[in-house]
Amino acid sequence: MADLCNKVEENPMENGDEKEGEGVSRDGSLHGFESLHRLLSASLKPEIFKEVSRLLVGLNCGRVLETVALPESAVTHSSKYDFDVQAFCFHADKELLRQPRVVRVGLIQNSIALPTTAPFLDQKRAIMQKLKPVIDAAGASGVNILCLQEAWMMPFAFCTREKRWCEFAEPIDGESTQFLQDLARKYNMVIVSPILERDVNHGETLWNTAVVIGNHGNIIGKHRKNHIPRVGDFNESTYYMEGNTGHPVFETAYGKIAINICYGRHHPLNWLAFGLNGAEIVFNPSATVGELSEPMWPIEARNAAIVNSYYVGSINRVGTEVFPNPFTSGDGKPQHADFGHFYGSSYFSAPDASCTPSLSRCRDGLLISDMDLNLCRQLKDKWGFRMTARYDMYAELLSKYVKAEFEPQVIIDPLLQKKAL
Ligand SMILES: NC(=O)NCCC(=O)O
């Protein structure tokens, strides 16, 4: 039987009833299924599904990725508060000189809790209230490192270009951080909290920032989004500047982590830089919509995990957020009041090319995975990408490329007839 998604709230401001794609319903489900994986699992014969799945999500150490049973309280919470919960385990090969280094990592995806017309403080507090049971479920499941979605404490209002949404911005130690610091302390958990930041010490400027909260509730540091989208309705450059924090890796009680915020996932050198600084897990907290990026979503982070020999946790928000005033996209198409559907589908990728099935396309969710960090070095030794890379050659090209007098290295076939422009 199809596991139907919940209906999204009817939107009185919607134009027509166009759909994102043939099989995608307004509620965000795929023909009534919450994810591609679940659709395939229900539609294919088991032996065919097994083969499809081997190719689609790969094998971890040569075996089908194991699922993990979670404590009863986490499962009860997921049905009481209606969020998807799934748990897996990435193994590494047994080593003779190192003990396994297994950490339990969690990702949370969610929709906003109140309409965007509600008072801002109510909206923010309602999101916190909604997330609390999901974080409690993560804590009860023994999650060591948890990451939330991009700008989790607000609607993703950057499509509107209206400046009033700047009010959601908070200093690094603001209300959202304090809320999570308590939970980090309570559950001895590192929490990565991506927020819209207001830098009170530098002219109250705005940034898209991930705050890294240590397992004692301390603020370890922050990283600011390096790449700002200029695509579709992602008018984020209206609000904040390109990050100035480089590519920090945070050494936490549970491993070395980094954060590549949303649009940074389209930049292989951004992923590389976190790898060069020694990251073992890179989070990609995102906000992106179906029509724009869904075919890219399962590929980019997984590829980054493979080529950089680290784990990646990809998170995308859920639902359709409708704004009070319609806006246009500068493409001649009619004005509209929403971005489109944020398709969730959060997932983990491992350095051995395996990945978890993704969370729901239309419901809040908590994805948990154990991961043996020894797998990172094992894959470095196996494939030798770090050793075979020609960094000196790339560095030379890049240093020339950034100069005004750069000319591309193109060798023209002398037999080609040069056409006049
Ligand atoms: N939040 C954000 O950077 N979104 C851009 C769209 C995308 O990268 O898919």
# chains A, B, ... in the order shown; residues from 1 in each chain; ligands from 1
>>> closest_atom_pairs(of="chain A", to="ligand 1", cutoff="9 Å", atoms="only C-alpha atoms and all ligand atoms", output="Markdown table")
| residue | atom | partner | partner_atom_place_in_ligand_line | distance |
| --- | --- | --- | --- | --- |
| A:Glu150 | CA | ligand 1 | 1 (N) | 7.1 |
| A:Ala151 | CA | ligand 1 | 1 (N) | 8.7 |
| A:Phe156 | CA | ligand 1 | 1 (N) | 8.2 |
| A:Phe158 | CA | ligand 1 | 1 (N) | 8.9 |
| A:Lys225 | CA | ligand 1 | 3 (O) | 8.7 |
| A:His227 | CA | ligand 1 | 3 (O) | 7.7 |
| A:Ile228 | CA | ligand 1 | 3 (O) | 6.1 |
| A:Pro229 | CA | ligand 1 | 3 (O) | 5.2 |
| A:Arg230 | CA | ligand 1 | 5 (C) | 7.8 |
| A:Val231 | CA | ligand 1 | 6 (C) | 6.9 |
| A:Gly232 | CA | ligand 1 | 6 (C) | 7.9 |
| A:Asp233 | CA | ligand 1 | 6 (C) | 8.7 |
| A:Phe234 | CA | ligand 1 | 5 (C) | 5.8 |
| A:Asn235 | CA | ligand 1 | 5 (C) | 9.0 |
| A:Glu236 | CA | ligand 1 | 3 (O) | 7.5 |
| A:Ile261 | CA | ligand 1 | 3 (O) | 7.2 |
| A:Cys262 | CA | ligand 1 | 3 (O) | 4.5 |
| A:Tyr263 | CA | ligand 1 | 8 (O) | 3.7 |
| A:Gly264 | CA | ligand 1 | 8 (O) | 7.3 |
| A:Arg265 | CA | ligand 1 | 8 (O) | 7.0 |
| A:His266 | CA | ligand 1 | 8 (O) | 6.9 |
| A:Pro285 | CA | ligand 1 | 1 (N) | 8.5 |
| A:Ser286 | CA | ligand 1 | 1 (N) | 5.5 |
| A:Ala287 | CA | ligand 1 | 1 (N) | 4.5 |
| A:Thr288 | CA | ligand 1 | 9 (O) | 4.5 |
| A:Val289 | CA | ligand 1 | 9 (O) | 6.7 |
| A:Gly290 | CA | ligand 1 | 9 (O) | 8.7 |
| A:Leu292 | CA | ligand 1 | 9 (O) | 6.4 |
| A:Ser293 | CA | ligand 1 | 9 (O) | 5.0 |
| A:Glu294 | CA | ligand 1 | 9 (O) | 8.0 |
| A:Met296 | CA | ligand 1 | 9 (O) | 8.2 |
| A:Trp297 | CA | ligand 1 | 9 (O) | 7.9 |
>>> write_last_selection(atoms="C-alpha atoms", output="compact mmCIF listing (two decimals), in the first residue's frame")
# COMPACT_ATOMS: atom_id res chain seq x y z
CA GLU A 150 19.96 25.77 6.38
CA ALA A 151 18.42 28.82 8.15
CA PHE A 156 13.25 30.69 3.51
CA PHE A 158 14.99 35.17 0.41
CA LYS A 225 28.42 30.23 3.55
CA HIS A 227 28.92 30.73 -2.30
CA ILE A 228 25.68 32.67 -2.74
CA PRO A 229 23.19 31.50 -5.35
CA ARG A 230 22.06 33.72 -8.18
CA VAL A 231 19.66 31.24 -9.69
CA GLY A 232 15.87 31.06 -9.89
CA ASP A 233 14.20 32.75 -6.94
CA PHE A 234 17.22 32.26 -4.69
CA ASN A 235 17.78 35.99 -4.26
CA GLU A 236 20.05 35.48 -1.28
CA ILE A 261 26.26 25.29 3.16
CA CYS A 262 23.73 24.59 0.39
CA TYR A 263 24.83 26.15 -2.92
CA GLY A 264 28.45 25.35 -2.03
CA ARG A 265 27.65 21.80 -3.07
CA HIS A 266 27.89 22.82 -6.73
CA PRO A 285 22.52 21.95 5.16
CA SER A 286 20.36 23.12 2.27
CA ALA A 287 17.15 24.68 1.06
CA THR A 288 16.35 23.78 -2.50
CA VAL A 289 13.33 23.08 -4.64
CA GLY A 290 12.30 20.23 -6.94
CA LEU A 292 15.55 23.47 -9.90
CA SER A 293 17.82 20.84 -8.42
CA GLU A 294 16.24 17.46 -7.68
CA MET A 296 21.42 16.95 -8.99
CA TRP A 297 20.64 16.26 -5.34
>>> select_by_dssp(residues="stretch 113-149 of chain A", states="helix (DSSP H, G or I)", output="PDB file with N, CA and C atoms, in the first residue's frame")
ATOM      1  N   PHE A 120       6.530  37.337  13.656  1.00  0.00           N
ATOM      2  CA  PHE A 120       7.837  36.687  13.489  1.00  0.00           C
ATOM      3  C   PHE A 120       8.254  35.868  14.717  1.00  0.00           C
ATOM      4  N   LEU A 121       8.042  36.462  15.892  1.00  0.00           N
ATOM      5  CA  LEU A 121       8.478  35.746  17.098  1.00  0.00           C
ATOM      6  C   LEU A 121       7.712  34.428  17.244  1.00  0.00           C
ATOM      7  N   ASP A 122       6.412  34.472  16.927  1.00  0.00           N
ATOM      8  CA  ASP A 122       5.607  33.243  17.006  1.00  0.00           C
ATOM      9  C   ASP A 122       6.131  32.205  16.025  1.00  0.00           C
ATOM     10  N   GLN A 123       6.486  32.670  14.817  1.00  0.00           N
ATOM     11  CA  GLN A 123       6.993  31.728  13.803  1.00  0.00           C
ATOM     12  C   GLN A 123       8.259  31.030  14.298  1.00  0.00           C
ATOM     13  N   LYS A 124       9.177  31.845  14.815  1.00  0.00           N
ATOM     14  CA  LYS A 124      10.462  31.305  15.272  1.00  0.00           C
ATOM     15  C   LYS A 124      10.269  30.321  16.434  1.00  0.00           C
ATOM     16  N   ARG A 125       9.471  30.751  17.403  1.00  0.00           N
ATOM     17  CA  ARG A 125       9.251  29.897  18.581  1.00  0.00           C
ATOM     18  C   ARG A 125       8.536  28.600  18.189  1.00  0.00           C
ATOM     19  N   ALA A 126       7.609  28.706  17.206  1.00  0.00           N
ATOM     20  CA  ALA A 126       6.857  27.511  16.789  1.00  0.00           C
ATOM     21  C   ALA A 126       7.784  26.504  16.109  1.00  0.00           C
ATOM     22  N   ILE A 127       8.777  27.002  15.369  1.00  0.00           N
ATOM     23  CA  ILE A 127       9.735  26.063  14.743  1.00  0.00           C
ATOM     24  C   ILE A 127      10.533  25.351  15.849  1.00  0.00           C
ATOM     25  N   MET A 128      10.949  26.118  16.848  1.00  0.00           N
ATOM     26  CA  MET A 128      11.719  25.509  17.952  1.00  0.00           C
ATOM     27  C   MET A 128      10.884  24.436  18.657  1.00  0.00           C
ATOM     28  N   GLN A 129       9.624  24.794  18.896  1.00  0.00           N
ATOM     29  CA  GLN A 129       8.719  23.865  19.586  1.00  0.00           C
ATOM     30  C   GLN A 129       8.527  22.594  18.764  1.00  0.00           C
ATOM     31  N   LYS A 130       8.455  22.771  17.440  1.00  0.00           N
ATOM     32  CA  LYS A 130       8.259  21.635  16.553  1.00  0.00           C
ATOM     33  C   LYS A 130       9.505  20.744  16.514  1.00  0.00           C
ATOM     34  N   LEU A 131      10.674  21.394  16.584  1.00  0.00           N
ATOM     35  CA  LEU A 131      11.919  20.628  16.487  1.00  0.00           C
ATOM     36  C   LEU A 131      12.280  19.901  17.774  1.00  0.00           C
ATOM     37  N   LYS A 132      11.797  20.430  18.889  1.00  0.00           N
ATOM     38  CA  LYS A 132      12.196  19.880  20.198  1.00  0.00           C
ATOM     39  C   LYS A 132      11.988  18.350  20.280  1.00  0.00           C
ATOM     40  N   PRO A 133      10.781  17.825  19.961  1.00  0.00           N
ATOM     41  CA  PRO A 133      10.630  16.361  20.036  1.00  0.00           C
ATOM     42  C   PRO A 133      11.510  15.597  19.053  1.00  0.00           C
ATOM     43  N   VAL A 134      11.842  16.209  17.926  1.00  0.00           N
ATOM     44  CA  VAL A 134      12.714  15.516  16.965  1.00  0.00           C
ATOM     45  C   VAL A 134      14.136  15.458  17.533  1.00  0.00           C
ATOM     46  N   ILE A 135      14.570  16.562  18.134  1.00  0.00           N
ATOM     47  CA  ILE A 135      15.913  16.576  18.754  1.00  0.00           C
ATOM     48  C   ILE A 135      15.930  15.634  19.959  1.00  0.00           C
ATOM     49  N   ASP A 136      14.819  15.605  20.698  1.00  0.00           N
ATOM     50  CA  ASP A 136      14.737  14.665  21.831  1.00  0.00           C
ATOM     51  C   ASP A 136      14.878  13.219  21.340  1.00  0.00           C
ATOM     52  N   ALA A 137      14.254  12.924  20.191  1.00  0.00           N
ATOM     53  CA  ALA A 137      14.350  11.564  19.635  1.00  0.00           C
ATOM     54  C   ALA A 137      15.798  11.260  19.256  1.00  0.00           C
ATOM     55  N   ALA A 138      16.483  12.266  18.701  1.00  0.00           N
ATOM     56  CA  ALA A 138      17.897  12.080  18.346  1.00  0.00           C
ATOM     57  C   ALA A 138      18.712  11.833  19.622  1.00  0.00           C
ATOM     58  N   GLY A 139      18.434  12.651  20.637  1.00  0.00           N
ATOM     59  CA  GLY A 139      19.155  12.503  21.911  1.00  0.00           C
ATOM     60  C   GLY A 139      18.906  11.138  22.530  1.00  0.00           C
ATOM     61  N   ALA A 140      17.641  10.713  22.532  1.00  0.00           N
ATOM     62  CA  ALA A 140      17.295   9.409  23.114  1.00  0.00           C
ATOM     63  C   ALA A 140      17.934   8.269  22.324  1.00  0.00           C
TER      64      ALA A 140
END
>>> atom_distance(atom1="atom CA of A:Val322", atom2="atom CA of A:Val192")
26.7 Å
>>> atom_distance(atom1="atom CA of A:Phe283", atom2="atom CA of A:Cys166")
24.6 Å
>>> residues_around(residues="A:Ser78", least_positions_apart="4", cutoff="10 Å", atoms="only C-alpha atoms", output="list in words")
Glu72, Ser73, Ala74, Asp82, Phe83, Asp84, Val85, Gln86, Pro133, Val134, Ala137, Asp364, Gly365 and Leu366 of chain A
>>> select_by_dssp(residues="stretch 22-229 of chain A", states="strand (DSSP E)", output="PyMOL selection string")
chain A and resi 66-67+84-90+102-109+145-147+190-199+205-213+219-224
>>> closest_residue(among="A:Asn284, A:Thr160, A:Ser29, A:Thr209", to="A:Thr328", atoms="only C-alpha atoms")
A:Thr160
>>> residues_around(residues="A:Gln109", least_positions_apart="6", cutoff="8 Å", atoms="only C-alpha atoms", output="MDAnalysis selection string")
chainID A and resid 148:149 315:318 344 346 364:366
>>> closest_residue(among="A:Asp352, A:Asp173, A:Glu167, A:Asp182", to="A:Asn374", atoms="only C-alpha atoms")
A:Asp352
>>> residues_around(residues="A:Cys89", least_positions_apart="6", cutoff="10 Å", atoms="only C-alpha atoms", output="PyMOL selection string")
chain A and resi 60+65-68+102-105+356+368-372
>>> residues_around(residues="stretch 406-409 of chain A", least_positions_apart="5", cutoff="12 Å", atoms="only C-alpha atoms", output="VMD selection string")
chain A and resid 396 to 401
>>> decode(residues="stretch 205-217 of chain A", atoms="N, CA and C atoms", output="PDB file, in the first residue's frame")
ATOM      1  N   THR A 205      26.093  43.437  10.258  1.00  0.00           N
ATOM      2  CA  THR A 205      26.001  42.821   8.929  1.00  0.00           C
ATOM      3  C   THR A 205      25.413  41.417   9.025  1.00  0.00           C
ATOM      4  N   LEU A 206      24.925  40.929   7.867  1.00  0.00           N
ATOM      5  CA  LEU A 206      24.253  39.627   7.844  1.00  0.00           C
ATOM      6  C   LEU A 206      25.090  38.580   7.118  1.00  0.00           C
ATOM      7  N   TRP A 207      24.985  37.351   7.591  1.00  0.00           N
ATOM      8  CA  TRP A 207      25.697  36.220   7.013  1.00  0.00           C
ATOM      9  C   TRP A 207      24.808  34.987   7.084  1.00  0.00           C
ATOM     10  N   ASN A 208      25.084  34.035   6.235  1.00  0.00           N
ATOM     11  CA  ASN A 208      24.410  32.730   6.319  1.00  0.00           C
ATOM     12  C   ASN A 208      25.417  31.793   6.973  1.00  0.00           C
ATOM     13  N   THR A 209      25.165  31.443   8.208  1.00  0.00           N
ATOM     14  CA  THR A 209      26.212  30.896   9.074  1.00  0.00           C
ATOM     15  C   THR A 209      25.804  29.595   9.750  1.00  0.00           C
ATOM     16  N   ALA A 210      26.766  28.689   9.867  1.00  0.00           N
ATOM     17  CA  ALA A 210      26.547  27.487  10.681  1.00  0.00           C
ATOM     18  C   ALA A 210      27.308  27.656  11.996  1.00  0.00           C
ATOM     19  N   VAL A 211      26.574  27.583  13.102  1.00  0.00           N
ATOM     20  CA  VAL A 211      27.198  27.671  14.427  1.00  0.00           C
ATOM     21  C   VAL A 211      27.466  26.244  14.897  1.00  0.00           C
ATOM     22  N   VAL A 212      28.690  25.984  15.336  1.00  0.00           N
ATOM     23  CA  VAL A 212      29.007  24.634  15.812  1.00  0.00           C
ATOM     24  C   VAL A 212      29.026  24.653  17.343  1.00  0.00           C
ATOM     25  N   ILE A 213      28.069  23.920  17.909  1.00  0.00           N
ATOM     26  CA  ILE A 213      27.916  23.877  19.365  1.00  0.00           C
ATOM     27  C   ILE A 213      28.504  22.560  19.875  1.00  0.00           C
ATOM     28  N   GLY A 214      29.417  22.665  20.821  1.00  0.00           N
ATOM     29  CA  GLY A 214      30.079  21.464  21.350  1.00  0.00           C
ATOM     30  C   GLY A 214      29.163  20.663  22.265  1.00  0.00           C
ATOM     31  N   ASN A 215      29.590  19.458  22.595  1.00  0.00           N
ATOM     32  CA  ASN A 215      28.746  18.563  23.402  1.00  0.00           C
ATOM     33  C   ASN A 215      28.627  19.021  24.855  1.00  0.00           C
ATOM     34  N   HIS A 216      29.376  20.052  25.256  1.00  0.00           N
ATOM     35  CA  HIS A 216      29.178  20.628  26.597  1.00  0.00           C
ATOM     36  C   HIS A 216      28.334  21.897  26.519  1.00  0.00           C
ATOM     37  N   GLY A 217      27.775  22.151  25.355  1.00  0.00           N
ATOM     38  CA  GLY A 217      26.933  23.347  25.191  1.00  0.00           C
ATOM     39  C   GLY A 217      27.754  24.587  24.851  1.00  0.00           C
TER      40      GLY A 217
END
